[in-house]
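Engineer: Provided below: protein_36.pdb, containing PDB, C-alpha atoms.
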ATOM      1  CA  MET X  69     176.544 -58.564-107.927
ATOM      2  CA  LYS X  70     175.881 -62.041-106.544
ATOM      3  CA  ALA X  71     173.316 -62.412-103.778
ATOM      4  CA  ALA X  72     171.286 -65.060-102.007
ATOM      5  CA  LEU X  73     167.609 -64.566-102.763
ATOM      6  CA  VAL X  74     164.586 -66.003-100.985
ATOM      7  CA  GLU X  75     162.394 -66.109-104.075
ATOM      8  CA  SER X  76     159.274 -67.536-102.459
ATOM      9  CA  VAL X  77     158.302 -69.626 -99.453
ATOM     10  CA  GLY X  78     160.736 -72.522 -99.222
ATOM     11  CA  LYS X  79     162.822 -71.459-102.223
ATOM     12  CA  VAL X  80     166.250 -69.823-101.947
ATOM     13  CA  SER X  81     168.917 -69.500-104.624
ATOM     14  CA  LEU X  82     172.035 -67.607-105.617
ATOM     15  CA  THR X  83     171.387 -64.999-108.275
ATOM     16  CA  GLU X  84     172.711 -61.862-109.963
ATOM     17  CA  VAL X  85     171.131 -58.559-108.945
ATOM     18  CA  PRO X  86     172.055 -54.932-109.714
ATOM     19  CA  ASP X  87     174.750 -53.324-107.594
ATOM     20  CA  PRO X  88     173.198 -51.193-104.818
ATOM     21  CA  THR X  89     173.238 -47.403-104.862
ATOM     22  CA  PRO X  90     173.429 -45.410-101.610
ATOM     23  CA  GLY X  91     170.904 -42.750-100.662
ATOM     24  CA  PRO X  92     172.185 -39.384 -99.343
ATOM     25  CA  ARG X  93     172.723 -40.693 -95.777
ATOM     26  CA  ASP X  94     173.644 -44.267 -96.717
ATOM     27  CA  VAL X  95     176.849 -46.163 -97.340
ATOM     28  CA  VAL X  96     177.529 -49.223 -99.476
ATOM     29  CA  VAL X  97     179.288 -51.991 -97.562
ATOM     30  CA  LYS X  98     181.354 -54.677 -99.257
ATOM     31  CA  VAL X  99     180.255 -57.606 -97.112
ATOM     32  CA  ALA X 100     183.059 -59.561 -95.424
ATOM     33  CA  ALA X 101     180.779 -62.060 -93.661
ATOM     34  CA  CYS X 102     177.082 -62.552 -93.003
ATOM     35  CA  GLY X 103     175.763 -64.738 -90.207
ATOM     36  CA  LEU X 104     172.775 -67.060 -90.442
ATOM     37  CA  CYS X 105     170.061 -66.832 -87.802
ATOM     38  CA  GLY X 106     166.741 -68.417 -86.879
ATOM     39  CA  THR X 107     165.062 -65.359 -88.364
ATOM     40  CA  ASP X 108     166.394 -66.402 -91.773
ATOM     41  CA  LEU X 109     164.608 -69.745 -91.416
ATOM     42  CA  HIS X 110     161.386 -67.968 -90.509
ATOM     43  CA  ILE X 111     161.738 -65.771 -93.612
ATOM     44  CA  LEU X 112     162.192 -68.887 -95.737
ATOM     45  CA  GLN X 113     159.019 -70.295 -94.134
ATOM     46  CA  GLY X 114     157.082 -67.170 -95.113
ATOM     47  CA  GLU X 115     157.147 -65.456 -91.709
ATOM     48  CA  PHE X 116     158.546 -62.076 -90.608
ATOM     49  CA  ALA X 117     159.476 -60.621 -94.003
ATOM     50  CA  PRO X 118     156.610 -58.413 -95.239
ATOM     51  CA  SER X 119     157.160 -59.554 -98.817
ATOM     52  CA  LEU X 120     159.261 -61.819-101.007
ATOM     53  CA  PRO X 121     161.554 -61.987-102.929
ATOM     54  CA  LEU X 122     164.160 -60.739-100.458
ATOM     55  CA  ILE X 123     167.925 -60.776-100.012
ATOM     56  CA  PRO X 124     168.234 -61.925 -96.367
ATOM     57  CA  GLY X 125     171.073 -61.353 -93.928
ATOM     58  CA  HIS X 126     170.806 -59.039 -90.924
ATOM     59  CA  GLU X 127     174.091 -60.041 -89.233
ATOM     60  CA  PHE X 128     176.931 -58.612 -91.299
ATOM     61  CA  ALA X 129     180.079 -56.541 -91.358
ATOM     62  CA  GLY X 130     182.373 -55.297 -94.079
ATOM     63  CA  GLU X 131     184.219 -52.415 -95.693
ATOM     64  CA  VAL X 132     182.683 -49.126 -96.779
ATOM     65  CA  VAL X 133     183.161 -48.766-100.543
ATOM     66  CA  ALA X 134     180.757 -45.941-101.436
ATOM     67  CA  LEU X 135     179.244 -42.965 -99.624
ATOM     68  CA  GLY X 136     175.983 -41.088 -99.983
ATOM     69  CA  SER X 137     176.228 -37.401-100.860
ATOM     70  CA  GLU X 138     175.580 -36.273 -97.251
ATOM     71  CA  VAL X 139     177.811 -38.776 -95.415
ATOM     72  CA  THR X 140     180.747 -37.263 -93.526
ATOM     73  CA  GLU X 141     181.049 -39.634 -90.541
ATOM     74  CA  LEU X 142     182.737 -42.455 -92.465
ATOM     75  CA  ALA X 143     185.212 -42.775 -95.299
ATOM     76  CA  GLU X 144     185.767 -45.339 -97.996
ATOM     77  CA  GLY X 145     187.918 -48.115 -96.578
ATOM     78  CA  ASP X 146     186.468 -47.924 -93.072
ATOM     79  CA  ARG X 147     185.534 -51.310 -91.656
ATOM     80  CA  VAL X 148     182.116 -51.417 -90.017
ATOM     81  CA  ALA X 149     179.562 -53.665 -88.372
ATOM     82  CA  VAL X 150     175.953 -52.852 -89.184
ATOM     83  CA  ASP X 151     172.972 -52.598 -86.848
ATOM     84  CA  PRO X 152     170.106 -53.781 -89.083
ATOM     85  CA  SER X 153     167.326 -52.111 -87.071
ATOM     86  CA  LEU X 154     165.237 -49.467 -88.836
ATOM     87  CA  TYR X 155     162.773 -47.341 -86.845
ATOM     88  CA  CYS X 156     160.308 -44.594 -87.720
ATOM     89  CA  HIS X 157     161.239 -42.471 -84.636
ATOM     90  CA  GLU X 158     157.689 -41.060 -84.760
ATOM     91  CA  CYS X 159     155.271 -43.628 -83.336
ATOM     92  CA  ARG X 160     154.208 -43.925 -79.708
ATOM     93  CA  TYR X 161     156.754 -46.647 -78.971
ATOM     94  CA  CYS X 162     159.686 -44.861 -80.572
ATOM     95  CA  ARG X 163     158.832 -41.693 -78.650
ATOM     96  CA  ARG X 164     158.835 -43.701 -75.420
ATOM     97  CA  GLY X 165     162.236 -45.226 -76.144
ATOM     98  CA  HIS X 166     160.892 -48.652 -77.163
ATOM     99  CA  ASN X 167     162.143 -48.375 -80.743
ATOM    100  CA  ASN X 168     162.377 -52.147 -81.110
ATOM    101  CA  LEU X 169     158.566 -52.223 -80.790
ATOM    102  CA  CYS X 170     158.132 -49.543 -83.457
ATOM    103  CA  ASP X 171     154.753 -49.650 -85.208
ATOM    104  CA  ARG X 172     156.660 -49.467 -88.501
ATOM    105  CA  TRP X 173     159.596 -51.623 -87.395
ATOM    106  CA  ALA X 174     161.797 -52.746 -90.247
ATOM    107  CA  ALA X 175     165.254 -54.211 -90.652
ATOM    108  CA  ILE X 176     167.972 -54.712 -93.201
ATOM    109  CA  GLY X 177     167.739 -58.331 -94.286
ATOM    110  CA  VAL X 178     164.108 -58.620 -93.165
ATOM    111  CA  SER X 179     162.162 -55.866 -94.903
ATOM    112  CA  ARG X 180     164.836 -54.644 -97.298
ATOM    113  CA  SER X 181     167.875 -56.182 -98.987
ATOM    114  CA  GLY X 182     170.416 -57.520 -96.513
ATOM    115  CA  GLY X 183     173.969 -58.760 -96.189
ATOM    116  CA  ALA X 184     173.725 -62.176 -97.851
ATOM    117  CA  ALA X 185     175.288 -60.567-100.890
ATOM    118  CA  GLU X 186     178.535 -59.116-102.136
ATOM    119  CA  TYR X 187     177.369 -55.593-101.281
ATOM    120  CA  ALA X 188     174.708 -54.111 -98.999
ATOM    121  CA  VAL X 189     173.343 -50.633 -98.291
ATOM    122  CA  ALA X 190     173.021 -49.315 -94.736
ATOM    123  CA  PRO X 191     172.258 -45.935 -93.153
ATOM    124  CA  VAL X 192     175.457 -44.355 -91.883
ATOM    125  CA  ALA X 193     173.807 -44.004 -88.457
ATOM    126  CA  ASN X 194     173.590 -47.809 -88.256
ATOM    127  CA  CYS X 195     177.295 -48.388 -88.851
ATOM    128  CA  VAL X 196     179.815 -48.890 -86.056
ATOM    129  CA  ARG X 197     183.457 -48.507 -86.991
ATOM    130  CA  LEU X 198     185.588 -51.494 -85.998
ATOM    131  CA  PRO X 199     188.830 -51.126 -84.036
ATOM    132  CA  GLU X 200     191.995 -52.274 -85.731
ATOM    133  CA  HIS X 201     192.380 -55.533 -83.811
ATOM    134  CA  VAL X 202     188.889 -56.880 -84.656
ATOM    135  CA  ARG X 203     188.729 -59.099 -87.736
ATOM    136  CA  THR X 204     185.998 -57.923 -90.080
ATOM    137  CA  GLN X 205     184.694 -61.434 -90.761
ATOM    138  CA  ASP X 206     184.287 -62.044 -87.024
ATOM    139  CA  ALA X 207     182.271 -58.852 -86.504
ATOM    140  CA  ALA X 208     179.136 -60.503 -87.916
ATOM    141  CA  LEU X 209     178.789 -61.786 -84.328
ATOM    142  CA  ILE X 210     178.112 -58.289 -82.986
ATOM    143  CA  GLU X 211     174.450 -58.230 -84.059
ATOM    144  CA  PRO X 212     173.432 -61.441 -82.244
ATOM    145  CA  LEU X 213     175.492 -60.314 -79.248
ATOM    146  CA  SER X 214     173.535 -57.049 -79.210
ATOM    147  CA  CYS X 215     170.305 -59.086 -78.999
ATOM    148  CA  ALA X 216     171.744 -60.994 -76.030
ATOM    149  CA  VAL X 217     172.728 -57.716 -74.351
ATOM    150  CA  ARG X 218     169.148 -56.511 -74.806
ATOM    151  CA  GLY X 219     167.954 -59.771 -73.239
ATOM    152  CA  TYR X 220     170.097 -59.145 -70.192
ATOM    153  CA  ASP X 221     168.772 -55.609 -69.968
ATOM    154  CA  VAL X 222     165.273 -57.081 -69.702
ATOM    155  CA  LEU X 223     166.329 -59.663 -67.108
ATOM    156  CA  LYS X 224     167.704 -57.036 -64.720
ATOM    157  CA  SER X 225     169.583 -59.868 -63.034
ATOM    158  CA  GLN X 226     170.873 -59.587 -59.477
ATOM    159  CA  LEU X 227     174.303 -60.658 -58.292
ATOM    160  CA  GLY X 228     174.370 -64.226 -57.074
ATOM    161  CA  SER X 229     171.501 -65.456 -59.263
ATOM    162  CA  HIS X 230     171.232 -69.081 -60.352
ATOM    163  CA  VAL X 231     170.646 -69.187 -64.106
ATOM    164  CA  LEU X 232     169.265 -71.940 -66.338
ATOM    165  CA  ILE X 233     169.542 -71.601 -70.121
ATOM    166  CA  TYR X 234     167.617 -73.787 -72.549
ATOM    167  CA  GLY X 235     169.642 -74.215 -75.732
ATOM    168  CA  SER X 236     173.376 -74.024 -76.377
ATOM    169  CA  GLY X 237     173.316 -72.693 -79.891
ATOM    170  CA  THR X 238     174.833 -69.297 -80.608
ATOM    171  CA  MET X 239     172.303 -67.310 -78.589
ATOM    172  CA  GLY X 240     172.277 -69.651 -75.601
ATOM    173  CA  LEU X 241     176.066 -69.576 -75.488
ATOM    174  CA  MET X 242     176.087 -65.784 -75.682
ATOM    175  CA  MET X 243     173.644 -65.620 -72.770
ATOM    176  CA  LEU X 244     175.993 -67.970 -70.918
ATOM    177  CA  GLU X 245     178.932 -65.624 -71.480
ATOM    178  CA  LEU X 246     176.920 -62.617 -70.299
ATOM    179  CA  ALA X 247     175.648 -64.474 -67.225
ATOM    180  CA  LYS X 248     179.206 -65.415 -66.253
ATOM    181  CA  ARG X 249     180.199 -61.758 -66.392
ATOM    182  CA  THR X 250     177.221 -60.334 -64.525
ATOM    183  CA  GLY X 251     177.806 -62.079 -61.230
ATOM    184  CA  ALA X 252     175.728 -65.248 -61.570
ATOM    185  CA  ALA X 253     176.284 -67.773 -58.780
ATOM    186  CA  SER X 254     175.793 -70.589 -61.301
ATOM    187  CA  VAL X 255     174.918 -70.931 -64.979
ATOM    188  CA  GLU X 256     173.594 -74.247 -66.205
ATOM    189  CA  VAL X 257     172.711 -75.173 -69.778
ATOM    190  CA  LEU X 258     170.290 -77.696 -71.280
ATOM    191  CA  ASP X 259     170.421 -79.087 -74.804
ATOM    192  CA  LEU X 260     169.669 -82.353 -76.566
ATOM    193  CA  ASN X 261     172.677 -81.884 -78.856
ATOM    194  CA  PRO X 262     175.782 -83.344 -77.148
ATOM    195  CA  ASP X 263     178.203 -81.421 -79.396
ATOM    196  CA  ARG X 264     176.627 -78.122 -78.425
ATOM    197  CA  LEU X 265     176.645 -79.088 -74.744
ATOM    198  CA  ALA X 266     180.358 -79.801 -75.094
ATOM    199  CA  THR X 267     180.862 -76.213 -76.238
ATOM    200  CA  ALA X 268     178.915 -74.933 -73.223
ATOM    201  CA  ARG X 269     181.232 -76.942 -70.976
ATOM    202  CA  GLN X 270     184.248 -75.585 -72.870
ATOM    203  CA  LEU X 271     183.019 -72.064 -72.129
ATOM    204  CA  GLY X 272     182.763 -72.789 -68.424
ATOM    205  CA  CYS X 273     179.126 -73.363 -67.556
ATOM    206  CA  SER X 274     178.413 -74.698 -64.070
ATOM    207  CA  GLY X 275     176.519 -77.694 -65.417
ATOM    208  CA  ALA X 276     175.288 -79.097 -68.720
ATOM    209  CA  ALA X 277     172.647 -81.746 -69.304
ATOM    210  CA  ALA X 278     169.905 -82.952 -71.620
ATOM    211  CA  THR X 279     167.153 -82.434 -69.023
ATOM    212  CA  ALA X 280     166.661 -80.320 -65.919
ATOM    213  CA  GLU X 281     166.079 -83.463 -63.864
ATOM    214  CA  GLU X 282     169.775 -84.249 -64.258
ATOM    215  CA  LEU X 283     170.689 -81.038 -62.442
ATOM    216  CA  ASP X 284     170.443 -80.737 -58.673
ATOM    217  CA  ARG X 285     168.226 -77.706 -58.067
ATOM    218  CA  PRO X 286     164.788 -78.848 -56.903
ATOM    219  CA  GLU X 287     163.881 -75.338 -55.735
ATOM    220  CA  GLY X 288     164.308 -74.035 -59.278
ATOM    221  CA  TRP X 289     166.369 -71.239 -60.806
ATOM    222  CA  ASP X 290     166.207 -67.488 -60.254
ATOM    223  CA  LEU X 291     166.530 -66.790 -63.977
ATOM    224  CA  VAL X 292     165.344 -69.183 -66.672
ATOM    225  CA  VAL X 293     166.122 -68.280 -70.277
ATOM    226  CA  ASP X 294     164.634 -70.030 -73.280
ATOM    227  CA  ALA X 295     166.974 -69.650 -76.247
ATOM    228  CA  THR X 296     165.304 -72.339 -78.364
ATOM    229  CA  GLY X 297     161.807 -71.192 -79.289
ATOM    230  CA  ASN X 298     160.815 -74.846 -78.870
ATOM    231  CA  ALA X 299     157.400 -75.425 -77.294
ATOM    232  CA  ALA X 300     158.503 -78.351 -75.106
ATOM    233  CA  ALA X 301     161.531 -76.441 -73.805
ATOM    234  CA  ILE X 302     159.430 -73.365 -73.075
ATOM    235  CA  GLN X 303     156.813 -75.375 -71.219
ATOM    236  CA  ASP X 304     159.437 -77.140 -69.141
ATOM    237  CA  GLY X 305     161.260 -73.899 -68.414
ATOM    238  CA  LEU X 306     158.147 -72.176 -67.117
ATOM    239  CA  GLY X 307     157.946 -74.848 -64.456
ATOM    240  CA  ARG X 308     161.602 -74.458 -63.407
ATOM    241  CA  VAL X 309     161.423 -70.840 -62.220
ATOM    242  CA  ALA X 310     162.052 -70.410 -58.484
ATOM    243  CA  LYS X 311     159.917 -68.192 -56.270
ATOM    244  CA  ALA X 312     160.381 -64.505 -57.166
ATOM    245  CA  GLY X 313     162.241 -65.663 -60.277
ATOM    246  CA  THR X 314     162.052 -64.576 -63.920
ATOM    247  CA  PHE X 315     161.419 -66.485 -67.140
ATOM    248  CA  LEU X 316     162.776 -64.813 -70.286
ATOM    249  CA  GLN X 317     161.406 -65.806 -73.682
ATOM    250  CA  PHE X 318     164.479 -65.105 -75.778
ATOM    251  CA  GLY X 319     164.260 -67.786 -78.489
ATOM    252  CA  VAL X 320     162.110 -67.042 -81.534
ATOM    253  CA  SER X 321     159.125 -69.384 -81.811
ATOM    254  CA  ASP X 322     156.865 -70.087 -84.741
ATOM    255  CA  TYR X 323     153.709 -67.986 -84.702
ATOM    256  CA  ALA X 324     151.631 -71.041 -83.797
ATOM    257  CA  THR X 325     153.686 -72.094 -80.744
ATOM    258  CA  ARG X 326     151.669 -72.209 -77.516
ATOM    259  CA  ALA X 327     152.513 -72.807 -73.845
ATOM    260  CA  THR X 328     150.353 -73.106 -70.729
ATOM    261  CA  ILE X 329     150.902 -70.933 -67.661
ATOM    262  CA  GLU X 330     149.644 -71.373 -64.087
ATOM    263  CA  PRO X 331     148.182 -67.989 -63.095
ATOM    264  CA  TYR X 332     147.876 -68.821 -59.394
ATOM    265  CA  ARG X 333     151.528 -69.890 -59.182
ATOM    266  CA  ILE X 334     152.635 -66.736 -60.985
ATOM    267  CA  TYR X 335     150.629 -64.658 -58.515
ATOM    268  CA  ASN X 336     151.479 -66.627 -55.383
ATOM    269  CA  GLN X 337     155.209 -66.965 -56.078
ATOM    270  CA  GLU X 338     155.648 -63.543 -57.718
ATOM    271  CA  ILE X 339     157.080 -64.988 -60.899
ATOM    272  CA  THR X 340     157.874 -62.676 -63.803
ATOM    273  CA  ILE X 341     157.421 -63.818 -67.408
ATOM    274  CA  THR X 342     158.921 -61.473 -69.957
ATOM    275  CA  GLY X 343     160.324 -61.300 -73.474
ATOM    276  CA  SER X 344     163.141 -59.655 -75.370
ATOM    277  CA  MET X 345     162.726 -58.490 -78.947
ATOM    278  CA  ALA X 346     165.808 -57.873 -81.103
ATOM    279  CA  VAL X 347     168.082 -54.877 -80.479
ATOM    280  CA  LEU X 348     167.423 -51.818 -78.319
ATOM    281  CA  HIS X 349     170.169 -49.339 -77.370
ATOM    282  CA  SER X 350     172.502 -52.334 -77.232
ATOM    283  CA  TYR X 351     174.414 -52.497 -80.515
ATOM    284  CA  GLU X 352     177.206 -50.103 -79.597
ATOM    285  CA  ARG X 353     177.617 -51.760 -76.182
ATOM    286  CA  ALA X 354     177.812 -55.151 -77.866
ATOM    287  CA  ALA X 355     180.476 -53.815 -80.235
ATOM    288  CA  GLU X 356     182.515 -52.594 -77.265
ATOM    289  CA  LEU X 357     182.111 -55.915 -75.434
ATOM    290  CA  PHE X 358     183.130 -57.771 -78.582
ATOM    291  CA  ALA X 359     186.199 -55.583 -79.040
ATOM    292  CA  GLY X 360     187.054 -56.295 -75.391
ATOM    293  CA  GLY X 361     187.102 -60.033 -76.054
ATOM    294  CA  ILE X 362     183.882 -61.196 -74.394
ATOM    295  CA  LEU X 363     183.491 -63.831 -77.128
ATOM    296  CA  ASP X 364     186.049 -66.080 -78.794
ATOM    297  CA  PRO X 365     185.041 -65.981 -82.476
ATOM    298  CA  ASP X 366     186.875 -69.220 -83.185
ATOM    299  CA  VAL X 367     184.639 -70.981 -80.664
ATOM    300  CA  PHE X 368     181.394 -69.341 -81.727
ATOM    301  CA  ILE X 369     181.843 -69.537 -85.508
ATOM    302  CA  SER X 370     181.813 -73.197 -86.462
ATOM    303  CA  ASP X 371     181.413 -72.835 -90.253
ATOM    304  CA  ARG X 372     182.623 -70.254 -92.746
ATOM    305  CA  MET X 373     181.013 -71.096 -96.082
ATOM    306  CA  PRO X 374     181.122 -69.315 -99.441
ATOM    307  CA  LEU X 375     178.140 -67.188-100.415
ATOM    308  CA  ALA X 376     177.583 -69.564-103.329
ATOM    309  CA  SER X 377     176.732 -72.238-100.743
ATOM    310  CA  TYR X 378     174.055 -70.144 -98.985
ATOM    311  CA  PRO X 379     171.245 -72.663 -99.604
ATOM    312  CA  GLU X 380     173.432 -75.463 -98.220
ATOM    313  CA  ALA X 381     174.473 -73.288 -95.268
ATOM    314  CA  LEU X 382     170.816 -72.577 -94.474
ATOM    315  CA  GLY X 383     170.052 -76.297 -94.661
ATOM    316  CA  ARG X 384     172.913 -77.086 -92.310
ATOM    317  CA  PHE X 385     171.653 -74.469 -89.881
ATOM    318  CA  ALA X 386     168.106 -75.837 -90.069
ATOM    319  CA  GLU X 387     169.425 -79.289 -89.146
ATOM    320  CA  GLY X 388     171.014 -77.892 -85.975
ATOM    321  CA  LYS X 389     174.555 -78.566 -87.119
ATOM    322  CA  GLY X 390     177.425 -76.426 -85.893
ATOM    323  CA  ARG X 391     177.088 -73.182 -83.979
ATOM    324  CA  LYS X 392     177.197 -69.847 -85.792
ATOM    325  CA  ILE X 393     177.395 -70.339 -89.539
ATOM    326  CA  VAL X 394     178.591 -67.408 -91.620
ATOM    327  CA  VAL X 395     178.743 -67.024 -95.373
ATOM    328  CA  VAL X 396     181.673 -65.230 -96.937
ATOM    329  CA  PRO X 397     181.206 -63.501-100.322
TER     330      PRO X 397
END
Would you mind writing the structure in this file as structure tokens?
Structural biologist:
Amino acid sequence: MKAALVESVGKVSLTEVPDPTPGPRDVVVKVAACGLCGTDLHILQGEFAPSLPLIPGHEFAGEVVALGSEVTELAEGDRVAVDPSLYCHECRYCRRGHNNLCDRWAAIGVSRSGGAAEYAVAPVANCVRLPEHVRTQDAALIEPLSCAVRGYDVLKSQLGSHVLIYGSGTMGLMMLELAKRTGAASVEVLDLNPDRLATARQLGCSGAAATAEELDRPEGWDLVVDATGNAAAIQDGLGRVAKAGTFLQFGVSDYATRATIEPYRIYNQEITITGSMAVLHSYERAAELFAGGILDPDVFISDRMPLASYPEALGRFAEGKGRKIVVVP
């Protein structure tokens, strides 16, 4: 089969690899679409993936075409979206319900072959059957949405909160959609990319600007979400949190990224600084929200490119062009 392969740091190509074979509790999925994500850029830069070469792609959906010998929950022809998360279920964190912090955390498309290929293997337990009205190609959006749902779980937002989101890429826009539906009094978005800000306005944000100074909230925001991973944005956002407010680090930074905090202010104003890592008990809820129409796929997916163009698609993503880019085998 054809697959995108990160051969070494900075090198990705399209290649032929053997067709996958399912284990007893696995299924083989014929991939309909695979989304690109910041994690894929980190893998290309030599971060996150424990070893290379690797077939990336942790956001994918498709049709079941082969079953392991012990699989009874699905049938060939079923359309599924795949939760890429793989946990040991044995370590201290798994036993406490923090599976996303598993000591042996792994993921399809990060530590084993993923969905940037014609076919991919997934445990049957990680597959969510799609309802009839959901287009399979669109369901690649469910995985990033499940990360956003996890982020909102961490925020524990109150009704009537004022929300500021840094970044109007896919994840920032998903946080915008969730904020709108969880009773926010206002949701404002910052981005240096005017095309992306236009999409935030299209989706109904309360305000959109290049800098926080352009927005009229000198007292700060109750919830500040960084969806960029950019050091300058993070530093600015930490200073925009209102008293008793919360800062959520949601964007994925490089390992070397640093920011400065003000311990006295955090103490004196009871500010919470927290993070959200990947998916936790949120994939099925995201699938239900997606089926209910929380996102418009035609707004969120800006580019549908052939798998053969994976290197070009990754380059386009790295340049900040478009919104969600998916490759279609």
Engineer: Could you please determine the separation between atom CA of Glu352 of chain X and atom CA of Gly106 of chain X in Å, to one decimal place?
Structural biologist: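 Atom CA of Glu352 of chain X sits 22.3 Å away from atom CA of Gly106 of chain X.
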Engineer: For the file shown, report as a VMD selection string the outcome of the PyMOL selection byres ((chain X and resi 274) around 12) at residue level.
Structural biologist: chain X and resid 230 to 233 244 to 245 247 to 248 252 to 258 265 268 to 273 275 to 277 283 to 284
Engineer: Counting only C-alpha atoms, note down every residue that has an atom within 12 Å of the point (159.7, -58.5, -70.5) (file coordinates), as a PDB file with C-alpha atoms, in the coordinates of the input.
Structural biologist:
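Result went into result.pdb, see below:
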ATOM      1  CA  HIS X 166     160.892 -48.652 -77.163  1.00  0.00           C
ATOM      2  CA  ARG X 218     169.148 -56.511 -74.806  1.00  0.00           C
ATOM      3  CA  GLY X 219     167.954 -59.771 -73.239  1.00  0.00           C
ATOM      4  CA  TYR X 220     170.097 -59.145 -70.192  1.00  0.00           C
ATOM      5  CA  ASP X 221     168.772 -55.609 -69.968  1.00  0.00           C
ATOM      6  CA  VAL X 222     165.273 -57.081 -69.702  1.00  0.00           C
ATOM      7  CA  LEU X 223     166.329 -59.663 -67.108  1.00  0.00           C
ATOM      8  CA  LYS X 224     167.704 -57.036 -64.720  1.00  0.00           C
ATOM      9  CA  VAL X 293     166.122 -68.280 -70.277  1.00  0.00           C
ATOM     10  CA  THR X 314     162.052 -64.576 -63.920  1.00  0.00           C
ATOM     11  CA  PHE X 315     161.419 -66.485 -67.140  1.00  0.00           C
ATOM     12  CA  LEU X 316     162.776 -64.813 -70.286  1.00  0.00           C
ATOM     13  CA  GLN X 317     161.406 -65.806 -73.682  1.00  0.00           C
ATOM     14  CA  PHE X 318     164.479 -65.105 -75.778  1.00  0.00           C
ATOM     15  CA  ILE X 339     157.080 -64.988 -60.899  1.00  0.00           C
ATOM     16  CA  THR X 340     157.874 -62.676 -63.803  1.00  0.00           C
ATOM     17  CA  ILE X 341     157.421 -63.818 -67.408  1.00  0.00           C
ATOM     18  CA  THR X 342     158.921 -61.473 -69.957  1.00  0.00           C
ATOM     19  CA  GLY X 343     160.324 -61.300 -73.474  1.00  0.00           C
ATOM     20  CA  SER X 344     163.141 -59.655 -75.370  1.00  0.00           C
ATOM     21  CA  MET X 345     162.726 -58.490 -78.947  1.00  0.00           C
TER      22      MET X 345
END
Engineer: Neighbours of segment 357-362 of chain X within 7 Å (only C-alpha atoms; same-chain residues fewer than 2 positions away dropped), as a VMD selection string?
Structural biologist: chain X and resid 202 210 353 to 355 364
Engineer: For the structure provided, state which residues fall under the PyMOL selection byres ((chain X and resi 79) around 10), and present them as a list in words.
Structural biologist: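 Selected by the PyMOL selection byres ((chain X and resi 79) around 10) here: Leu73, Val74, Glu75, Ser76, Val77, Gly78, Val80, Ser81, Leu112, Gln113, Pro121 and Pro379 of chain X.
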Engineer: Give the answer as one residue: which of X:Val99, X:Leu348, X:Ala185, X:Leu142 has the shortest atom-to-atom distance to Pro124 of chain X, using only C-alpha atoms?
Structural biologist: X:Ala185
Engineer: Have a look at X:Arg172, X:Arg249, X:His157, X:Arg285 and name the one nearest to Gln226 of chain X; count all atoms listed in the file.
Structural biologist: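 Among the listed residues, X:Arg249 lies closest to Gln226 of chain X.
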Engineer: Please evaluate the PyMOL selection byres ((chain X and resi 313) around 6) against the displayed coordinates and give the resulting residues as a PyMOL selection string.
Structural biologist: chain X and resi 290-291+309-312+314+339
Engineer: Leaving out Ala386 of chain X and any residue of its chain fewer than 5 positions from it, which residues lie within 12 Å of it when counting all atoms listed in the file, given as a list of chain:residue names?
Structural biologist: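 Listing them by chain and then by number gives X:Leu104, X:Cys105, X:Gly106, X:Thr107, X:Asp108, X:Leu109, X:His110, X:Leu112, X:Gln113, X:Gly237, X:Pro379, X:Glu380, X:Ala381, X:Arg391, X:Lys392, X:Ile393.
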Engineer: What does the distance between atom CA of Thr267 of chain X and atom CA of Ser236 of chain X come to in Å, to one decimal place?
Structural biologist: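 Going from atom CA of Thr267 of chain X over to atom CA of Ser236 of chain X, I get 7.8 Å.
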